[in-house]
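The next block is start.tsv, given as TSV, C-alpha atoms and all ligand atoms.
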```tsv
chain	number	residue	atom	x	y	z
M	1	MET	CA	-6.58	-21.81	-9.75
M	2	ASN	CA	-3.36	-21.39	-11.70
M	3	ASP	CA	-0.34	-19.55	-10.29
M	4	ALA	CA	-1.00	-16.29	-12.14
M	5	GLN	CA	-4.24	-15.91	-10.14
M	6	GLN	CA	-2.14	-15.79	-6.97
M	7	GLN	CA	0.60	-13.43	-8.10
M	8	LEU	CA	1.67	-9.88	-8.68
M	9	ILE	CA	4.01	-9.64	-11.65
M	10	VAL	CA	5.76	-6.45	-12.76
M	11	ARG	CA	7.70	-6.67	-16.03
M	12	ASP	CA	10.12	-4.12	-17.47
M	13	LEU	CA	8.21	-1.23	-15.98
M	14	THR	CA	9.33	2.27	-16.94
M	15	LYS	CA	8.04	5.68	-15.96
M	16	GLU	CA	9.00	9.04	-17.38
M	17	PHE	CA	7.48	12.31	-16.32
M	18	SER	CA	7.56	15.18	-18.73
M	19	LEU	CA	8.19	18.56	-17.25
M	20	ALA	CA	8.33	21.79	-19.28
M	21	GLY	CA	8.95	19.76	-22.44
M	22	GLU	CA	11.81	17.81	-20.84
M	23	SER	CA	11.55	14.09	-20.26
M	24	LEU	CA	12.40	12.97	-16.73
M	25	PRO	CA	13.06	9.21	-16.54
M	26	ILE	CA	12.35	7.83	-13.05
M	27	LEU	CA	11.80	4.06	-13.39
M	28	ASN	CA	13.96	2.25	-15.84
M	29	GLY	CA	13.00	-1.42	-16.09
M	30	VAL	CA	11.52	-2.58	-12.77
M	31	ASN	CA	10.89	-6.31	-12.47
M	32	LEU	CA	9.14	-7.92	-9.56
M	33	SER	CA	7.17	-11.01	-8.75
M	34	LEU	CA	5.39	-11.83	-5.50
M	35	ASN	CA	3.05	-14.65	-4.51
M	36	ARG	CA	0.16	-14.44	-2.05
M	37	GLY	CA	1.67	-14.31	1.43
M	38	GLY	CA	4.79	-12.52	0.13
M	39	ALA	CA	6.04	-9.33	1.79
M	40	LEU	CA	8.59	-6.90	0.35
M	41	ALA	CA	10.14	-3.72	1.73
M	42	ILE	CA	11.46	-1.21	-0.81
M	43	THR	CA	14.00	1.38	0.29
M	44	GLY	CA	16.04	3.88	-1.73
M	45	PRO	CA	17.18	7.48	-1.71
M	46	SER	CA	14.73	10.36	-1.68
M	47	GLY	CA	13.50	10.99	-5.22
M	48	SER	CA	14.49	7.51	-6.47
M	49	GLY	CA	10.89	6.74	-7.46
M	50	LYS	CA	9.63	4.55	-4.60
M	51	SER	CA	6.24	6.26	-4.29
M	52	THR	CA	5.94	6.47	-8.08
M	53	LEU	CA	6.42	2.69	-8.30
M	54	LEU	CA	3.94	2.03	-5.50
M	55	TYR	CA	1.33	4.30	-7.10
M	56	ILE	CA	1.67	2.52	-10.44
M	57	ILE	CA	1.37	-0.90	-8.76
M	58	GLY	CA	-1.67	0.52	-6.96
M	59	VAL	CA	-3.16	1.58	-10.30
M	60	LEU	CA	-3.23	5.22	-9.18
M	61	ASP	CA	-0.79	6.22	-11.95
M	62	GLN	CA	0.03	4.84	-15.42
M	63	PRO	CA	3.35	3.28	-16.43
M	64	THR	CA	5.12	4.67	-19.50
M	65	SER	CA	5.86	1.11	-20.66
M	66	GLY	CA	5.97	-2.40	-19.27
M	67	GLU	CA	3.35	-4.65	-17.82
M	68	ILE	CA	1.66	-5.33	-14.51
M	69	ILE	CA	-0.41	-8.46	-13.93
M	70	GLN	CA	-2.32	-8.67	-10.68
M	71	PHE	CA	-4.05	-11.95	-9.92
M	72	GLY	CA	-4.26	-12.80	-13.62
M	73	GLN	CA	-5.52	-9.36	-14.67
M	74	ASN	CA	-3.71	-6.42	-16.29
M	75	PRO	CA	-5.60	-3.57	-14.59
M	76	PHE	CA	-4.38	-1.05	-17.18
M	77	GLU	CA	-6.41	-2.87	-19.83
M	78	LEU	CA	-9.64	-2.10	-17.94
M	79	LYS	CA	-11.87	0.88	-18.63
M	80	ALA	CA	-11.79	3.64	-15.99
M	81	LYS	CA	-14.89	2.48	-14.06
M	82	GLN	CA	-13.82	-1.19	-13.98
M	83	GLN	CA	-10.30	-0.12	-13.08
M	84	ALA	CA	-11.59	1.86	-10.08
M	85	GLU	CA	-13.70	-1.13	-9.03
M	86	PHE	CA	-10.72	-3.48	-9.40
M	87	ARG	CA	-8.65	-1.14	-7.20
M	88	ASN	CA	-11.37	-0.88	-4.56
M	89	GLN	CA	-11.83	-4.64	-4.38
M	90	ASN	CA	-8.23	-5.80	-4.61
M	91	ILE	CA	-5.91	-3.14	-3.24
M	92	GLY	CA	-5.60	-1.59	0.21
M	93	PHE	CA	-3.47	1.53	0.74
M	94	ILE	CA	-1.78	2.86	3.84
M	95	PHE	CA	-0.08	6.27	3.59
M	96	GLN	CA	2.35	8.13	5.84
M	97	ASP	CA	-0.34	10.60	6.73
M	98	HIS	CA	-3.23	8.37	7.78
M	99	HIS	CA	-5.78	10.36	5.65
M	100	LEU	CA	-8.55	9.68	8.16
M	101	MET	CA	-11.65	11.88	7.94
M	102	PRO	CA	-11.64	14.12	11.04
M	103	GLN	CA	-15.43	14.44	11.30
M	104	PHE	CA	-16.02	10.67	11.36
M	105	SER	CA	-15.50	8.20	14.20
M	106	VAL	CA	-12.86	5.47	14.14
M	107	LEU	CA	-15.51	2.88	13.21
M	108	GLU	CA	-16.97	5.06	10.44
M	109	ASN	CA	-13.51	5.74	8.99
M	110	VAL	CA	-12.84	2.02	8.68
M	111	LEU	CA	-16.18	1.59	6.89
M	112	ILE	CA	-15.62	4.32	4.27
M	113	PRO	CA	-14.24	2.01	1.52
M	114	THR	CA	-17.27	-0.26	1.84
M	115	MET	CA	-19.59	2.64	1.00
M	116	VAL	CA	-18.11	3.24	-2.44
M	117	TYR	CA	-19.53	0.32	-4.39
M	118	GLN	CA	-21.71	-1.89	-2.26
M	119	GLY	CA	-23.09	0.36	0.49
M	120	THR	CA	-22.22	-0.57	4.05
M	121	THR	CA	-23.87	-3.74	5.29
M	122	SER	CA	-24.13	-5.15	8.81
M	123	ASP	CA	-21.52	-7.72	7.73
M	124	ALA	CA	-19.10	-4.92	6.92
M	125	GLU	CA	-19.72	-3.30	10.29
M	126	GLU	CA	-19.14	-6.61	12.04
M	127	ARG	CA	-15.92	-7.01	10.11
M	128	ALA	CA	-14.79	-3.44	10.95
M	129	ARG	CA	-15.40	-4.12	14.65
M	130	HIS	CA	-13.46	-7.36	14.36
M	131	LEU	CA	-10.51	-5.66	12.62
M	132	LEU	CA	-10.44	-2.88	15.20
M	133	GLU	CA	-10.47	-5.49	17.94
M	134	ARG	CA	-7.61	-7.28	16.15
M	135	VAL	CA	-5.46	-4.12	16.36
M	136	GLY	CA	-6.42	-3.43	19.98
M	137	LEU	CA	-8.83	-0.55	19.40
M	138	SER	CA	-12.16	-2.01	20.56
M	139	ASP	CA	-12.46	0.72	23.15
M	140	ARG	CA	-11.87	3.54	20.66
M	141	LEU	CA	-14.70	2.89	18.16
M	142	ASN	CA	-16.49	6.18	18.76
M	143	HIS	CA	-13.42	8.40	19.14
M	144	ARG	CA	-12.60	10.92	16.43
M	145	PRO	CA	-9.11	10.77	14.83
M	146	ALA	CA	-8.01	13.85	16.82
M	147	GLN	CA	-8.86	12.02	20.05
M	148	ILE	CA	-6.47	9.10	19.53
M	149	SER	CA	-2.66	8.84	19.32
M	150	GLY	CA	-0.55	8.81	16.13
M	151	GLY	CA	0.13	5.07	16.45
M	152	GLU	CA	-3.58	4.42	17.00
M	153	ARG	CA	-4.50	6.52	13.94
M	154	GLN	CA	-2.16	4.40	11.83
M	155	ARG	CA	-3.81	1.24	13.22
M	156	VAL	CA	-7.17	2.61	12.13
M	157	ALA	CA	-5.68	3.28	8.66
M	158	VAL	CA	-4.51	-0.36	8.55
M	159	CYS	CA	-8.06	-1.55	9.34
M	160	ARG	CA	-9.52	0.77	6.69
M	161	ALA	CA	-7.07	-0.65	4.13
M	162	LEU	CA	-8.19	-4.19	5.03
M	163	ILE	CA	-11.95	-3.72	5.18
M	164	ASN	CA	-12.62	-4.91	1.61
M	165	ASN	CA	-10.39	-7.99	2.02
M	166	PRO	CA	-7.71	-6.79	-0.44
M	167	ARG	CA	-5.29	-9.29	-1.91
M	168	LEU	CA	-2.64	-6.58	-2.26
M	169	LEU	CA	-1.69	-4.24	0.57
M	170	LEU	CA	0.49	-1.22	-0.31
M	171	ALA	CA	2.06	0.95	2.36
M	172	ASP	CA	3.85	4.21	1.55
M	173	GLU	CA	6.11	5.20	4.45
M	174	PRO	CA	3.50	3.93	6.96
M	175	THR	CA	5.64	4.74	10.01
M	176	GLY	CA	7.10	8.03	8.79
M	177	ASN	CA	5.39	9.99	11.56
M	178	LEU	CA	5.89	7.43	14.31
M	179	ASP	CA	8.52	6.83	16.99
M	180	ARG	CA	10.67	3.72	17.17
M	181	VAL	CA	8.30	1.70	19.37
M	182	ASN	CA	5.29	2.43	17.16
M	183	THR	CA	7.34	1.81	14.00
M	184	GLU	CA	8.19	-1.67	15.15
M	185	SER	CA	4.68	-2.39	16.33
M	186	ILE	CA	3.01	-1.22	13.08
M	187	GLY	CA	5.61	-3.19	11.06
M	188	LYS	CA	4.91	-6.37	13.03
M	189	LEU	CA	1.16	-5.82	12.73
M	190	LEU	CA	1.39	-5.44	8.93
M	191	LEU	CA	3.45	-8.62	8.64
M	192	GLU	CA	1.14	-10.61	10.94
M	193	ILE	CA	-1.88	-9.51	8.93
M	194	ASN	CA	-0.02	-10.34	5.70
M	195	GLN	CA	0.30	-13.93	6.97
M	196	GLU	CA	-3.16	-14.21	8.54
M	197	GLN	CA	-4.95	-12.90	5.44
M	198	ASN	CA	-2.52	-14.25	2.85
M	199	THR	CA	-2.10	-10.85	1.19
M	200	ILE	CA	0.79	-9.57	-0.87
M	201	LEU	CA	2.38	-6.73	1.14
M	202	ILE	CA	4.67	-4.06	-0.35
M	203	CYS	CA	6.01	-1.36	1.92
M	204	VAL	CA	8.05	1.65	0.81
M	205	THR	CA	10.12	3.11	3.62
M	206	HIS	CA	13.19	5.10	4.65
M	207	SER	CA	13.24	3.22	7.93
M	208	ARG	CA	15.85	0.51	8.11
M	209	GLU	CA	14.27	-0.67	11.39
M	210	LEU	CA	11.08	-1.33	9.47
M	211	ALA	CA	12.70	-2.79	6.33
M	212	VAL	CA	14.70	-5.40	8.25
M	213	LEU	CA	11.50	-6.92	9.63
M	214	PHE	CA	10.50	-7.95	6.08
M	215	PRO	CA	11.38	-11.33	4.57
M	216	GLN	CA	12.40	-9.58	1.33
M	217	HIS	CA	14.09	-6.20	1.00
M	218	GLN	CA	14.96	-4.48	-2.29
M	219	ARG	CA	16.49	-1.12	-2.98
M	220	LEU	CA	15.47	1.17	-5.81
M	221	ARG	CA	18.65	2.39	-7.44
M	222	ASP	CA	19.05	4.11	-10.81
M	223	GLY	CA	15.46	3.27	-11.67
M	224	SER	CA	15.50	-0.45	-10.99
M	225	LEU	CA	15.29	-2.80	-8.03
M	226	VAL	CA	18.32	-4.52	-6.54
M	227	THR	CA	18.17	-7.08	-3.74
M	228	GLU	CA	19.37	-5.78	-0.42
M	229	THR	CA	21.18	-8.23	1.80
M	230	ALA	CA	21.20	-7.68	5.57
K	1	LIG	N1	3.83	14.30	-11.43
K	1	LIG	C1	5.16	14.48	-11.52
K	1	LIG	N2	5.71	15.25	-12.46
K	1	LIG	C2	7.04	15.41	-12.57
K	1	LIG	N3	7.94	14.80	-11.74
K	1	LIG	C3	7.45	14.03	-10.77
K	1	LIG	C4	6.05	13.82	-10.60
K	1	LIG	N4	5.86	12.98	-9.55
K	1	LIG	C5	7.10	12.69	-9.08
K	1	LIG	N5	8.06	13.31	-9.80
K	1	LIG	C6	9.51	13.22	-9.60
K	1	LIG	O1	9.86	11.85	-9.64
K	1	LIG	C7	10.91	11.58	-8.72
K	1	LIG	C8	10.52	10.41	-7.85
K	1	LIG	O2	9.50	10.80	-6.94
K	1	LIG	P1	8.96	9.81	-5.82
K	1	LIG	O3	7.99	10.56	-4.99
K	1	LIG	O4	8.50	8.56	-6.45
K	1	LIG	O5	10.30	9.52	-5.00
K	1	LIG	P2	10.51	8.75	-3.63
K	1	LIG	O6	11.63	7.78	-3.83
K	1	LIG	O7	9.22	8.20	-3.14
K	1	LIG	O8	11.01	9.95	-2.71
K	1	LIG	P3	10.86	10.22	-1.13
K	1	LIG	O9	11.65	9.14	-0.46
K	1	LIG	O10	11.50	11.57	-0.96
K	1	LIG	O11	9.39	10.20	-0.80
K	1	LIG	C9	11.15	12.86	-7.94
K	1	LIG	O12	12.31	13.48	-8.47
K	1	LIG	C10	9.93	13.69	-8.24
K	1	LIG	O13	10.23	15.07	-8.24
```
In structure tokens, write the structure found in this file.
Ligand SMILES: Nc1ncnc2c1ncn2[C@@H]1O[C@H](COP(=O)(O)OP(=O)(O)OP(=O)(O)O)[C@@H](O)[C@H]1O
Amino acid sequence: MNDAQQQLIVRDLTKEFSLAGESLPILNGVNLSLNRGGALAITGPSGSGKSTLLYIIGVLDQPTSGEIIQFGQNPFELKAKQQAEFRNQNIGFIFQDHHLMPQFSVLENVLIPTMVYQGTTSDAEERARHLLERVGLSDRLNHRPAQISGGERQRVAVCRALINNPRLLLADEPTGNLDRVNTESIGKLLLEINQEQNTILICVTHSRELAVLFPQHQRLRDGSLVTETA
């Protein structure tokens, strides 16, 4: 396999929103390259475009110009159905608000992404149980989201993001609702999993405590990324 199959490459990415006929430039030439096993924290002021960048990398929004190559594929060249399939198979998302389904159990929530394309198999259930064991939730499989703590809910969201074996894991302010102890523990968990599963991990955060755990830390400033030194 050549290197491109193992990389995320972002080249000269720009994003403008248009609002009431006015153009609103947000990203202004973002460049980024990460190999499998790489982990990057992105910080920056409120409104600087961190979530916008993450959503474009996650193929949930379109760039205005520039290029993204993920594992040898430009997902924006795919038709809508293939693009959705590519996203489901390659990208795991973790959001600030866990987005768990309240009526489903912890185990069922982790299995939801497997239902979309392939239908849940016993292998998937085995894997969900294994992931939940990995994050210390073996004894919470049948609880509903309202019956577990905020830190536990975010652990479930991590398992759900991992259930399809994504190569790219994107986290948008994953500890925004958590206290210091849970912030550190979720951060360490994400980085351990990044190494164990050889994913690319990108985490957008306001939390300096979280960002300093990452081997790479960049700041979004004036629409582009600058390296942050400790
Ligand atoms: N669909 C949209 N239409 C117009 N403007 C938008 C749209 N989405 C985002 N914006 C604007 O783009 C800018 C960047 O938003 P974004 O959510 O990416 O910032 P952020 O750095 O993640 O902020 P925060 O740290 O507060 O979450 C903001 O000024 C926002 O108002």
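Residue nearest ligand LIG 1 (chain K) within the list M:Ser33, M:Gln89, M:Thr183, M:Thr205: M:Thr205 [criterion: smallest interatomic distance, all atoms listed in the file].
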*Which of these residues is nearest to ligand LIG 1 (chain K), using all atoms listed in the file: M:Ser207, M:Gln73, M:Thr229, M:Ser18?*
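Selected residue with least distance to ligand LIG 1 (chain K): M:Ser18.
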Might I get the box with edges along x, y and z of the file that holds all atoms of segment 153-162 of chain M listed there, padded by 6 Å on every side, given as centre and edge lengths in Å to one decimal, as lines of an AutoDock Vina configuration file?
```
center_x = -5.8
center_y = 1.2
center_z = 9.0
size_x = 19.4
size_y = 22.7
size_z = 21.8
```
*Shortest interatomic distance to ligand LIG 1 (chain K) - which of M:Leu53, M:Leu191, M:Leu13, M:Leu78, counting all atoms listed in the file*: M:Leu53
With the cut-off set at 12 Å and counting only C-alpha atoms and all ligand atoms, tabulate each residue of chain M with an atom at most that distance from an atom of ligand LIG 1 (chain K), showing the nearest atom pair and its distance in Å to one decimal, ordered by chain and increasing number, as CSV.
```
residue,atom,partner,partner_atom,distance
M:Lys15,CA,K:LIG1,O1,9.0
M:Glu16,CA,K:LIG1,N3,8.1
M:Phe17,CA,K:LIG1,C2,4.9
M:Ser18,CA,K:LIG1,C2,6.2
M:Leu19,CA,K:LIG1,C2,5.8
M:Ala20,CA,K:LIG1,C2,9.3
M:Gly21,CA,K:LIG1,C2,11.0
M:Glu22,CA,K:LIG1,C2,9.8
M:Ser23,CA,K:LIG1,C2,9.0
M:Leu24,CA,K:LIG1,N3,6.9
M:Pro25,CA,K:LIG1,O1,8.1
M:Ile26,CA,K:LIG1,O1,5.8
M:Leu27,CA,K:LIG1,C8,8.5
M:Asn28,CA,K:LIG1,C8,11.9
M:Ile42,CA,K:LIG1,O6,9.5
M:Thr43,CA,K:LIG1,O6,8.0
M:Gly44,CA,K:LIG1,O6,6.3
M:Pro45,CA,K:LIG1,O9,5.9
M:Ser46,CA,K:LIG1,O10,3.5
M:Gly47,CA,K:LIG1,O5,3.5
M:Ser48,CA,K:LIG1,O6,3.9
M:Gly49,CA,K:LIG1,O4,3.2
M:Lys50,CA,K:LIG1,O6,3.9
M:Ser51,CA,K:LIG1,O7,3.7
M:Thr52,CA,K:LIG1,O4,3.7
M:Leu53,CA,K:LIG1,O4,6.5
M:Leu54,CA,K:LIG1,O4,8.0
M:Tyr55,CA,K:LIG1,O4,8.4
M:Ile56,CA,K:LIG1,O4,10.0
M:Leu60,CA,K:LIG1,N1,11.7
M:Asp61,CA,K:LIG1,N1,9.3
M:Gln62,CA,K:LIG1,N1,10.9
M:Phe95,CA,K:LIG1,O11,11.2
M:Gln96,CA,K:LIG1,O11,9.9
M:Ala171,CA,K:LIG1,O7,11.6
M:Asp172,CA,K:LIG1,O7,8.2
M:Glu173,CA,K:LIG1,O11,8.0
M:Pro174,CA,K:LIG1,O11,11.6
M:Gly176,CA,K:LIG1,O11,10.1
M:Cys203,CA,K:LIG1,O7,11.3
M:Val204,CA,K:LIG1,O7,7.7
M:Thr205,CA,K:LIG1,O9,7.4
M:His206,CA,K:LIG1,O9,6.7
M:Ser207,CA,K:LIG1,O9,10.4
M:Arg219,CA,K:LIG1,O6,10.2
M:Leu220,CA,K:LIG1,O6,7.9
M:Arg221,CA,K:LIG1,O6,9.6
M:Asp222,CA,K:LIG1,O6,10.8
M:Gly223,CA,K:LIG1,C8,9.5
M:Ser224,CA,K:LIG1,O6,11.6
M:Leu225,CA,K:LIG1,O6,12.0
```
*Counting only C-alpha atoms, which of M:Ala211, M:Ile57, M:Leu111, M:Ala128 gets nearest to Glu228 of chain M?*
M:Ala211
_Given only C-alpha atoms as the counted atoms, nearest of M:Asp3, M:Leu162, M:Val156, M:Thr14 to Asp97 of chain M_ =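 Among M:Asp3, M:Leu162, M:Val156, M:Thr14, it is M:Val156 that comes nearest to Asp97 of chain M.
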*Kindly give the distance, in Å, that separates atom CA of Gly37 of chain M and atom CA of Ile202 of chain M, rounded to a single decimal.*
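Between atom CA of Gly37 of chain M and atom CA of Ile202 of chain M the gap is 10.8 Å.
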*With a distance cut-off of 10 Å and all atoms listed in the file, select the neighbouring residues of Phe76 of chain M, excluding the residue or stretch itself and same-chain residues fewer than 6 positions from it, and output the selection as a list in words.*
Ile56, Val59, Asp61, Gln62, Pro63, Glu67, Ile68, Ile69, Gln82 and Gln83 of chain M
May I have the residues from that selection written out with C-alpha atoms, as a compact mmCIF listing (two decimals), keeping the file's coordinate frame?
```
# COMPACT_ATOMS: atom_id res chain seq x y z
CA ILE M 56 1.67 2.52 -10.44
CA VAL M 59 -3.16 1.58 -10.30
CA ASP M 61 -0.79 6.22 -11.95
CA GLN M 62 0.03 4.84 -15.42
CA PRO M 63 3.35 3.28 -16.43
CA GLU M 67 3.35 -4.65 -17.82
CA ILE M 68 1.66 -5.33 -14.51
CA ILE M 69 -0.41 -8.46 -13.93
CA GLN M 82 -13.82 -1.19 -13.98
CA GLN M 83 -10.30 -0.12 -13.08
```
*For Arg208 of chain M, which residue out of M:Gln7, M:Ser138, M:Asn164, M:Thr175 is the nearest one, using all atoms listed in the file?*
M:Thr175
*Could you please determine the separation between atom CA of Ala39 of chain M and atom CA of Ile148 of chain M in Å, to one decimal place?*
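That distance, rounded to one decimal, is 28.5 Å.
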*So how far away is atom CA of His217 of chain M from atom CA of Leu178 of chain M, in Å?*
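Those two atoms sit 20.7 Å apart.
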